[in-house]
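Structure data (compact mmCIF, C-alpha atoms) from coords.txt:
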# COMPACT_ATOMS: atom_id res chain seq x y z
CA MET A 8 -36.71 -26.81 1.01
CA LEU A 9 -37.71 -25.84 4.58
CA LYS A 10 -38.60 -29.45 5.42
CA GLU A 11 -35.14 -30.59 4.29
CA LEU A 12 -33.48 -27.83 6.32
CA LEU A 13 -35.45 -28.76 9.44
CA ILE A 14 -34.41 -32.39 9.10
CA LYS A 15 -30.79 -31.39 8.47
CA SER A 16 -30.76 -29.05 11.47
CA VAL A 17 -31.96 -31.85 13.72
CA LYS A 18 -29.58 -34.46 12.28
CA TRP A 19 -26.47 -32.69 13.55
CA LYS A 20 -23.48 -34.30 15.26
CA VAL A 21 -23.68 -31.80 18.12
CA TRP A 22 -27.13 -33.15 19.02
CA THR A 23 -25.67 -36.64 19.07
CA TRP A 24 -23.16 -35.48 21.67
CA CYS A 25 -25.67 -33.42 23.71
CA LEU A 26 -28.37 -36.04 23.74
CA SER A 27 -26.23 -39.16 23.61
CA SER A 28 -27.23 -40.10 27.13
CA PHE A 29 -29.53 -39.05 29.92
CA GLY A 30 -26.47 -37.88 31.88
CA ALA A 31 -25.36 -35.50 29.12
CA LEU A 32 -28.84 -33.98 28.91
CA VAL A 33 -29.01 -33.52 32.71
CA THR A 34 -25.59 -31.84 32.67
CA ILE A 35 -26.84 -29.27 30.16
CA LEU A 36 -30.09 -28.65 32.02
CA LEU A 37 -28.26 -28.14 35.33
CA LEU A 38 -25.61 -25.75 34.00
CA GLY A 39 -27.49 -22.78 35.50
CA ARG A 40 -27.65 -24.35 38.94
CA ASN A 41 -24.04 -25.60 38.93
CA PHE A 42 -22.42 -22.38 37.61
CA PHE A 43 -24.86 -19.54 38.42
CA ASP A 44 -26.53 -20.79 41.64
CA MET A 45 -29.99 -20.81 40.00
CA ASP A 46 -32.83 -22.84 41.39
CA ILE A 47 -33.46 -26.05 39.50
CA ASN A 48 -36.53 -24.79 37.61
CA LYS A 49 -34.74 -21.74 36.22
CA SER A 50 -31.71 -23.88 35.41
CA ILE A 51 -33.85 -26.30 33.39
CA LEU A 52 -35.48 -23.38 31.57
CA LEU A 53 -32.04 -21.91 30.81
CA GLY A 54 -30.82 -25.28 29.52
CA CYS A 55 -33.85 -25.71 27.27
CA ALA A 56 -33.52 -22.12 26.02
CA SER A 57 -29.83 -22.70 25.27
CA LEU A 58 -30.60 -25.84 23.26
CA CYS A 59 -33.36 -24.01 21.34
CA THR A 60 -31.03 -21.07 20.66
CA ILE A 61 -28.29 -23.38 19.38
CA TRP A 62 -30.82 -25.12 17.14
CA LEU A 63 -32.12 -21.77 15.87
CA PHE A 64 -28.62 -20.55 14.96
CA ARG A 65 -27.94 -23.88 13.26
CA PHE A 66 -31.18 -23.60 11.27
CA LEU A 67 -30.50 -19.98 10.28
CA TYR A 68 -26.99 -20.91 9.17
CA LEU A 69 -28.35 -23.71 6.96
CA LEU A 70 -31.05 -21.37 5.64
CA CYS A 71 -28.49 -18.69 4.69
CA GLU A 72 -26.31 -21.31 3.03
CA ALA A 73 -29.29 -22.59 1.03
CA LEU A 74 -30.35 -19.07 0.02
CA ILE A 75 -26.83 -18.21 -1.18
CA LYS A 76 -26.75 -21.39 -3.23
CA TYR A 77 -30.23 -20.68 -4.62
CA CYS A 78 -29.30 -17.12 -5.59
CA HIS A 79 -26.08 -18.31 -7.20
CA ASN A 80 -27.87 -20.95 -9.25
CA THR A 81 -30.72 -18.60 -10.16
CA PHE A 82 -28.88 -15.40 -10.99
CA ILE A 83 -25.36 -16.54 -11.96
CA ASP A 84 -25.17 -20.10 -13.20
CA SER A 85 -28.61 -19.78 -14.81
CA ILE A 86 -27.10 -17.20 -17.14
CA TRP A 87 -24.74 -19.79 -18.53
CA GLY A 88 -27.50 -22.40 -18.61
CA ASP A 89 -29.50 -20.02 -20.80
CA ALA A 90 -26.35 -19.40 -22.82
CA ILE A 91 -26.15 -23.10 -23.67
CA VAL A 92 -29.70 -22.96 -25.04
CA GLU A 93 -29.01 -19.78 -27.02
CA LEU A 94 -25.81 -21.17 -28.49
CA LYS A 95 -27.57 -24.41 -29.42
CA ASN A 96 -29.86 -22.40 -31.68
CA ALA A 97 -26.95 -20.45 -33.16
CA TYR A 98 -24.97 -23.64 -33.79
CA SER A 99 -27.93 -25.20 -35.57
CA GLU A 100 -27.59 -22.40 -38.13
CA ILE A 101 -23.83 -22.96 -38.31
CA HIS A 102 -24.24 -26.71 -38.79
CA SER A 103 -26.82 -26.11 -41.50
CA LEU A 104 -24.39 -23.80 -43.26
CA ARG A 105 -21.61 -26.34 -42.88
CA LYS A 106 -23.68 -28.95 -44.74
CA GLN A 107 -24.07 -26.75 -47.81
CA GLU A 108 -21.86 -27.68 -50.71
CA ASP A 109 -21.42 -24.08 -51.79
CA ILE A 110 -21.65 -21.33 -49.19
CA SER A 111 -22.59 -17.92 -50.56
CA ASP A 112 -21.22 -14.75 -48.97
CA GLU A 113 -24.77 -13.66 -48.16
CA ASP A 114 -25.60 -16.89 -46.31
CA PHE A 115 -22.26 -16.84 -44.53
CA ILE A 116 -22.63 -13.28 -43.25
CA THR A 117 -26.28 -13.87 -42.28
CA VAL A 118 -25.29 -16.77 -40.03
CA MET A 119 -22.35 -14.85 -38.54
CA VAL A 120 -24.63 -11.91 -37.71
CA LYS A 121 -27.00 -14.33 -35.95
CA LEU A 122 -24.03 -15.64 -33.98
CA CYS A 123 -23.05 -12.08 -33.01
CA ASP A 124 -26.65 -11.38 -31.97
CA THR A 125 -26.63 -14.51 -29.81
CA LEU A 126 -23.39 -13.57 -28.08
CA LYS A 127 -24.68 -10.05 -27.50
CA LYS A 128 -27.84 -11.42 -25.90
CA ILE A 129 -25.80 -13.67 -23.61
CA PHE A 130 -23.35 -10.98 -22.52
CA ASP A 131 -26.04 -8.30 -22.18
CA LYS A 132 -27.78 -10.57 -19.70
CA LYS A 133 -24.56 -11.46 -17.93
CA THR A 134 -23.26 -7.89 -17.63
CA LYS A 135 -26.65 -6.15 -17.34
CA ALA A 136 -25.15 -3.58 -19.70
CA ASN A 137 -24.87 -2.85 -23.42
CA CYS A 138 -22.43 -5.11 -25.27
CA CYS A 139 -21.35 -5.08 -28.88
CA VAL A 140 -20.12 -8.18 -30.71
CA SER A 141 -18.20 -8.16 -33.97
CA ILE A 142 -16.08 -10.49 -36.09
CA LYS A 143 -12.97 -9.05 -37.70
CA LEU A 144 -10.96 -10.78 -40.42
CA PRO A 145 -7.59 -10.12 -42.08
CA ILE A 146 -7.80 -8.59 -45.56
CA SER A 147 -4.97 -10.83 -46.72
CA SER A 148 -2.96 -13.73 -45.35
CA GLY A 149 0.72 -14.09 -44.62
CA ASP A 150 3.35 -15.16 -42.14
CA ASN A 151 3.84 -11.64 -40.79
CA LEU A 152 0.75 -11.62 -38.60
CA GLU A 153 1.55 -8.32 -36.88
CA ALA A 154 1.39 -6.43 -40.18
CA LEU A 155 -1.96 -7.83 -41.30
CA GLU A 156 -4.79 -5.37 -41.86
CA LEU A 157 -8.26 -6.23 -40.55
CA TYR A 158 -11.77 -5.44 -41.75
CA ASN A 159 -15.08 -5.84 -39.98
CA LEU A 160 -16.97 -8.81 -41.42
CA CYS A 161 -20.09 -8.19 -39.34
CA ARG A 162 -21.54 -6.89 -36.08
CA ASP A 163 -24.58 -7.66 -34.03
CA SER A 164 -27.74 -6.11 -35.46
CA SER A 165 -27.85 -3.35 -32.82
CA HIS A 166 -24.44 -1.85 -33.63
CA LYS A 167 -24.26 -1.70 -37.41
CA GLY A 168 -24.03 2.07 -37.08
CA ARG A 169 -20.40 1.78 -36.02
CA ASP A 170 -19.45 0.79 -39.57
CA THR A 171 -19.27 4.35 -40.85
CA ASP A 172 -17.45 5.46 -43.98
CA GLN A 173 -14.74 6.90 -41.76
CA TYR A 174 -14.34 3.56 -39.98
CA ARG A 175 -14.08 1.66 -43.26
CA LYS A 176 -11.41 4.02 -44.61
CA ILE A 177 -9.06 3.45 -41.67
CA LYS A 178 -6.32 0.85 -42.02
CA HIS A 179 -6.95 -1.32 -38.97
CA ARG A 180 -3.60 -3.08 -38.72
CA ILE A 181 -3.01 -5.63 -35.99
CA ILE A 182 0.18 -3.95 -34.83
CA ALA A 183 -1.73 -0.69 -34.21
CA ASN A 184 -4.34 -2.28 -31.92
CA THR A 185 -3.36 -3.46 -28.44
CA ALA A 186 -5.89 -6.29 -28.21
CA PHE A 187 -4.93 -7.85 -31.54
CA SER A 188 -1.18 -7.33 -31.21
CA LYS A 189 -1.02 -8.89 -27.75
CA ILE A 190 -2.94 -11.94 -28.95
CA VAL A 191 -0.68 -12.33 -31.98
CA ILE A 192 2.40 -12.20 -29.74
CA LYS A 193 0.94 -15.09 -27.71
CA ILE A 194 0.22 -17.05 -30.89
CA LEU A 195 3.76 -16.53 -32.17
CA LYS A 196 5.13 -17.69 -28.82
CA GLY A 197 3.01 -20.84 -29.01
CA ASN A 198 0.93 -19.87 -25.99
CA GLN A 199 -2.24 -21.57 -27.25
CA LYS A 200 -3.84 -21.96 -23.80
CA HIS A 201 -4.05 -18.27 -22.90
CA LEU A 202 -4.90 -16.39 -26.07
CA ALA A 203 -7.68 -14.16 -24.77
CA TYR A 204 -7.25 -10.43 -24.33
CA VAL A 205 -9.32 -8.82 -21.57
CA ASN A 206 -9.28 -5.16 -20.59
CA ASN A 207 -11.82 -4.12 -17.97
CA ASN A 208 -10.87 -0.43 -17.78
CA ILE A 209 -9.83 0.92 -21.16
CA ALA A 210 -10.20 4.56 -20.12
CA ASP A 211 -7.50 4.11 -17.47
CA SER A 212 -5.13 2.14 -19.73
CA PRO A 213 -2.62 4.73 -21.00
CA ASP A 214 -0.84 2.26 -23.29
CA TYR A 215 -4.04 1.03 -24.95
CA GLU A 216 -4.04 1.59 -28.70
CA ASN A 217 -7.05 1.35 -30.99
CA THR A 218 -7.33 2.55 -34.58
CA SER A 219 -11.06 3.24 -34.16
CA ARG A 220 -10.53 6.16 -31.78
CA GLU A 221 -10.55 8.78 -34.53
CA CYS A 222 -14.14 7.79 -35.36
CA TYR A 223 -15.37 9.15 -32.04
CA THR A 224 -15.48 12.59 -30.44
CA ASN A 225 -12.22 13.39 -28.62
CA GLY A 226 -11.07 9.84 -29.31
CA VAL A 227 -13.31 8.44 -26.56
CA LEU A 228 -14.41 4.92 -27.44
CA PRO A 229 -18.06 3.94 -26.77
CA TYR A 230 -16.94 1.06 -24.53
CA ASN A 231 -14.71 0.58 -21.50
CA SER A 232 -14.47 -3.22 -21.22
CA GLU A 233 -13.27 -5.56 -23.93
CA LEU A 234 -12.88 -9.30 -24.49
CA VAL A 235 -11.18 -10.42 -27.69
CA TYR A 236 -10.42 -13.97 -28.78
CA PRO A 237 -8.74 -15.18 -32.00
CA ILE A 238 -10.49 -17.52 -34.41
CA VAL A 239 -8.04 -20.41 -34.13
CA PRO A 240 -8.49 -24.09 -33.25
CA ILE A 241 -8.34 -25.03 -29.56
CA LYS A 242 -6.08 -27.97 -30.38
CA GLY A 243 -3.53 -26.61 -32.80
CA ASN A 244 -0.70 -28.39 -34.57
CA GLU A 245 2.35 -27.30 -36.49
CA THR A 246 0.19 -26.67 -39.55
CA ASN A 247 -2.62 -24.57 -38.10
CA GLU A 248 -1.50 -23.24 -34.72
CA ARG A 249 -0.63 -19.93 -36.39
CA ASP A 250 -3.50 -20.07 -38.88
CA LEU A 251 -5.29 -16.99 -37.61
CA LYS A 252 -8.67 -16.54 -39.31
CA GLY A 253 -9.75 -13.44 -37.43
CA PHE A 254 -11.05 -12.24 -34.08
CA ILE A 255 -14.27 -12.36 -32.09
CA CYS A 256 -14.57 -9.00 -30.34
CA ILE A 257 -16.96 -8.31 -27.46
CA ASP A 258 -17.02 -4.91 -25.81
CA CYS A 259 -19.20 -3.34 -23.13
CA ASN A 260 -20.07 0.25 -22.32
CA GLN A 261 -19.28 -0.26 -18.62
CA SER A 262 -16.10 -1.14 -16.70
CA ASN A 263 -15.19 -4.48 -15.11
CA MET A 264 -17.68 -6.55 -17.08
CA PHE A 265 -15.60 -9.55 -18.19
CA ASP A 266 -14.49 -12.33 -15.85
CA GLU A 267 -11.12 -13.87 -16.69
CA ASN A 268 -11.50 -16.74 -14.21
CA ARG A 269 -14.89 -18.30 -14.92
CA TYR A 270 -16.98 -18.92 -18.03
CA ASP A 271 -16.55 -15.84 -20.26
CA ILE A 272 -13.34 -16.88 -21.96
CA PRO A 273 -14.03 -20.64 -22.32
CA MET A 274 -17.38 -19.92 -23.94
CA VAL A 275 -15.94 -17.51 -26.52
CA GLN A 276 -13.03 -19.91 -27.04
CA GLY A 277 -15.51 -22.69 -27.84
CA VAL A 278 -17.35 -20.45 -30.30
CA ALA A 279 -14.10 -19.52 -32.06
CA ASP A 280 -13.13 -23.17 -32.33
CA GLY A 281 -16.62 -24.04 -33.57
CA ILE A 282 -16.50 -21.64 -36.52
CA TYR A 283 -12.80 -22.00 -37.40
CA ASP A 284 -13.39 -24.66 -40.04
CA LEU A 285 -16.03 -22.53 -41.76
CA PHE A 286 -13.52 -19.73 -42.22
CA THR A 287 -10.94 -22.24 -43.46
CA ARG A 288 -13.43 -23.59 -45.98
CA ARG A 289 -14.47 -20.08 -47.03
CA ASN A 290 -10.88 -18.98 -47.57
CA ASN A 291 -10.08 -22.11 -49.56
CA GLY A 292 -13.30 -21.98 -51.56
Output the file's structure in the form of structure tokens.
Amino acid sequence: MLKELLIKSVKWKVWTWCLSSFGALVTILLLGRNFFDMDINKSILLGCASLCTIWLFRFLYLLCEALIKYCHNTFIDSIWGDAIVELKNAYSEIHSLRKQEDISDEDFITVMVKLCDTLKKIFDKKTKANCCVSIKLPISSGDNLEALELYNLCRDSSHKGRDTDQYRKIKHRIIANTAFSKIVIKILKGNQKHLAYVNNNIADSPDYENTSRECYTNGVLPYNSELVYPIVPIKGNETNERDLKGFICIDCNQSNMFDENRYDIPMVQGVADGIYDLFTRRNNG
């Protein structure tokens, strides 16, 4: 890398102007004599030092630029490169399940737990925090999406303890949960391009509603950031654009962990689209 930077620092348009002719070089070397009444030797030394200083600043600028790019590729984009590999393995399980003529509930849930584990691994690495991933499905189907009640199909292996008896007894209706209700409103309005719900500071969201609060001491949830995406096809039509199969829910114990402008949402959106047909097949089976 250093060799390339040295070459790039030398091949600079400013050098072409400074050294384009003998006259231009002499002008630079005699700046000290012409403007500061230096003797010719000191003027030449000043000119050479100025050229070296300009080159050094140019080299340091290129070095900083290269280091920023390296750090970005190593510590940011590499996360999503690793995510592609992790998801490839998860999708191999999904594709294998898709090829089965009859899909048992046990096989289905096993694969979905592996998917949740994969997403947890990806977002744990991205956030450097503790994330929980779950898939929630409606107990029944119907046109009145807001009134549907949800149940937890599965969670990642590290957070099964959240599925307590108290949690299972609660009626988790869409209308009583801010994340789900806001997504459903978007679906009903036909806003298929922006269906994600992201809240990066739940503790400071006074209007945030969640039916799971009563499962925790003083109603304090064990997470403060949340990304939720519906299990619907990316390219909907009049038949399936409102065919909500459930939700992929990712939460994190720290604030400001989900990025609405980069890769977080598109990746979860792709996962939801990738498993939509399995849920359709399961419901119709």
At a cut-off of 7 Å, can you tabulate as a Markdown table every residue of stretch 169-267 of chain A near stretch 135-153 of chain A together with its closest atom pair and the distance in Å to one decimal, using only C-alpha atoms and ordering rows by chain then number?
| residue | atom | partner | partner_atom | distance |
| --- | --- | --- | --- | --- |
| A:Ile181 | CA | A:Glu153 | CA | 5.4 |
| A:Ile182 | CA | A:Glu153 | CA | 5.0 |
| A:Ser188 | CA | A:Glu153 | CA | 6.4 |
| A:Val191 | CA | A:Glu153 | CA | 6.7 |
| A:Lys252 | CA | A:Leu144 | CA | 6.3 |
| A:Gly253 | CA | A:Leu144 | CA | 4.2 |
| A:Phe254 | CA | A:Lys143 | CA | 5.2 |
| A:Ile255 | CA | A:Ile142 | CA | 4.8 |
| A:Cys256 | CA | A:Ser141 | CA | 5.2 |
| A:Ile257 | CA | A:Val140 | CA | 4.5 |
| A:Asp258 | CA | A:Cys139 | CA | 5.3 |
| A:Cys259 | CA | A:Cys138 | CA | 4.3 |
| A:Asn260 | CA | A:Asn137 | CA | 5.8 |
| A:Gln261 | CA | A:Ala136 | CA | 6.8 |
note - atom CA of A:Ala97 and atom CA of A:Ser262 are separated by 27.6 Å
Tell me, as a PyMOL selection string, which residues lie within 12 Å of stretch 169-178 of chain A, counting all atoms listed in the file; anything in the same chain fewer than 4 positions away does not count.
chain A and resi 139-141+143+145-146+154-165+182-184+217-223+228-229
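Pairwise distance (atom CA of A:Ala203, atom CA of A:Val235) equals 5.9 Å.
Checking A:Glu93, A:Ser103, A:Thr185, A:His201 one by one against A:Pro213, counting all atoms listed in the file, you find the shortest gap at A:Thr185.
Each of A:Gln107, A:Ser232, A:Thr60, A:Thr125 was checked against A:Val278 using all atoms listed in the file; the smallest atom-to-atom distance is that of A:Thr125.
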N, CA and C atoms of stretch 247-287 of chain A, written as a CSV table (one decimal), in the first residue's frame:
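File selection33.csv, as written:
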chain,number,residue,atom,x,y,z
A,247,ASN,N,-51.6,-10.6,-2.7
A,247,ASN,CA,-50.8,-10.9,-1.5
A,247,ASN,C,-50.2,-9.6,-0.8
A,248,GLU,N,-50.4,-8.4,-1.3
A,248,GLU,CA,-49.8,-7.3,-0.6
A,248,GLU,C,-50.2,-7.1,0.8
A,249,ARG,N,-51.4,-7.6,1.2
A,249,ARG,CA,-51.8,-7.5,2.6
A,249,ARG,C,-51.8,-8.9,3.3
A,250,ASP,N,-51.1,-9.8,2.6
A,250,ASP,CA,-51.0,-11.2,3.2
A,250,ASP,C,-49.9,-11.3,4.2
A,251,LEU,N,-50.2,-10.7,5.4
A,251,LEU,CA,-49.2,-10.7,6.4
A,251,LEU,C,-49.0,-12.0,7.1
A,252,LYS,N,-47.8,-12.6,7.0
A,252,LYS,CA,-47.6,-13.9,7.6
A,252,LYS,C,-47.1,-13.8,9.1
A,253,GLY,N,-46.5,-12.7,9.4
A,253,GLY,CA,-45.9,-12.5,10.8
A,253,GLY,C,-44.9,-11.4,10.8
A,254,PHE,N,-44.0,-11.4,11.8
A,254,PHE,CA,-43.0,-10.4,11.9
A,254,PHE,C,-41.7,-11.0,12.3
A,255,ILE,N,-40.6,-10.4,11.8
A,255,ILE,CA,-39.3,-10.7,12.3
A,255,ILE,C,-38.9,-9.6,13.2
A,256,CYS,N,-38.6,-9.9,14.5
A,256,CYS,CA,-38.4,-8.9,15.5
A,256,CYS,C,-36.9,-9.0,16.0
A,257,ILE,N,-36.2,-7.9,15.9
A,257,ILE,CA,-34.8,-7.9,16.4
A,257,ILE,C,-34.7,-6.7,17.4
A,258,ASP,N,-34.3,-7.1,18.6
A,258,ASP,CA,-34.1,-6.0,19.6
A,258,ASP,C,-32.7,-6.1,20.2
A,259,CYS,N,-32.3,-5.0,20.8
A,259,CYS,CA,-31.0,-4.9,21.4
A,259,CYS,C,-31.0,-4.2,22.8
A,260,ASN,N,-30.2,-4.6,23.6
A,260,ASN,CA,-30.2,-4.1,25.0
A,260,ASN,C,-29.6,-2.7,25.1
A,261,GLN,N,-29.1,-2.2,24.0
A,261,GLN,CA,-28.5,-0.8,24.1
A,261,GLN,C,-29.3,0.1,23.1
A,262,SER,N,-29.1,1.4,23.3
A,262,SER,CA,-29.8,2.4,22.5
A,262,SER,C,-29.0,2.7,21.2
A,263,ASN,N,-29.8,3.2,20.2
A,263,ASN,CA,-29.2,3.6,18.9
A,263,ASN,C,-28.3,2.6,18.2
A,264,MET,N,-28.9,1.4,18.1
A,264,MET,CA,-28.2,0.2,17.5
A,264,MET,C,-28.6,-0.1,16.1
A,265,PHE,N,-29.7,0.4,15.6
A,265,PHE,CA,-30.2,0.1,14.2
A,265,PHE,C,-30.1,1.2,13.3
A,266,ASP,N,-29.5,1.0,12.1
A,266,ASP,CA,-29.3,2.1,11.1
A,266,ASP,C,-30.4,2.0,10.1
A,267,GLU,N,-31.2,3.1,10.0
A,267,GLU,CA,-32.3,3.1,9.0
A,267,GLU,C,-31.9,3.4,7.6
A,268,ASN,N,-30.6,3.8,7.4
A,268,ASN,CA,-30.2,4.3,6.1
A,268,ASN,C,-29.3,3.4,5.4
A,269,ARG,N,-28.8,2.4,6.0
A,269,ARG,CA,-27.8,1.5,5.3
A,269,ARG,C,-28.3,0.1,5.1
A,270,TYR,N,-27.7,-0.9,5.7
A,270,TYR,CA,-27.9,-2.3,5.3
A,270,TYR,C,-28.9,-3.0,6.3
A,271,ASP,N,-29.2,-2.5,7.5
A,271,ASP,CA,-30.0,-3.2,8.4
A,271,ASP,C,-31.3,-3.6,7.9
A,272,ILE,N,-32.1,-2.7,7.4
A,272,ILE,CA,-33.4,-2.9,6.9
A,272,ILE,C,-33.4,-3.8,5.7
A,273,PRO,N,-32.6,-3.4,4.6
A,273,PRO,CA,-32.7,-4.3,3.4
A,273,PRO,C,-32.3,-5.7,3.7
A,274,MET,N,-31.4,-6.0,4.6
A,274,MET,CA,-31.1,-7.4,4.9
A,274,MET,C,-32.2,-8.1,5.5
A,275,VAL,N,-32.9,-7.5,6.5
A,275,VAL,CA,-34.0,-8.2,7.1
A,275,VAL,C,-35.2,-8.3,6.2
A,276,GLN,N,-35.4,-7.3,5.3
A,276,GLN,CA,-36.4,-7.3,4.3
A,276,GLN,C,-36.2,-8.5,3.3
A,277,GLY,N,-34.9,-8.7,3.0
A,277,GLY,CA,-34.6,-9.9,2.1
A,277,GLY,C,-34.9,-11.2,2.8
A,278,VAL,N,-34.6,-11.3,4.1
A,278,VAL,CA,-34.9,-12.5,4.8
A,278,VAL,C,-36.4,-12.8,4.9
A,279,ALA,N,-37.1,-11.7,5.2
A,279,ALA,CA,-38.6,-11.8,5.2
A,279,ALA,C,-39.2,-12.3,3.9
A,280,ASP,N,-38.7,-11.7,2.8
A,280,ASP,CA,-39.1,-12.1,1.5
A,280,ASP,C,-38.7,-13.6,1.2
A,281,GLY,N,-37.5,-14.0,1.7
A,281,GLY,CA,-37.0,-15.3,1.4
A,281,GLY,C,-37.8,-16.4,2.1
A,282,ILE,N,-38.4,-16.1,3.2
A,282,ILE,CA,-39.2,-17.1,4.0
A,282,ILE,C,-40.7,-17.0,3.8
A,283,TYR,N,-41.1,-16.0,3.1
A,283,TYR,CA,-42.6,-15.8,3.0
A,283,TYR,C,-43.3,-17.0,2.4
A,284,ASP,N,-42.7,-17.6,1.3
A,284,ASP,CA,-43.4,-18.7,0.7
A,284,ASP,C,-43.5,-19.9,1.6
A,285,LEU,N,-42.5,-20.1,2.5
A,285,LEU,CA,-42.6,-21.2,3.4
A,285,LEU,C,-43.8,-21.1,4.3
A,286,PHE,N,-44.0,-19.8,4.8
A,286,PHE,CA,-45.2,-19.6,5.7
A,286,PHE,C,-46.5,-19.8,4.9
A,287,THR,N,-46.5,-19.4,3.7
A,287,THR,CA,-47.7,-19.5,2.8
A,287,THR,C,-48.0,-21.0,2.6
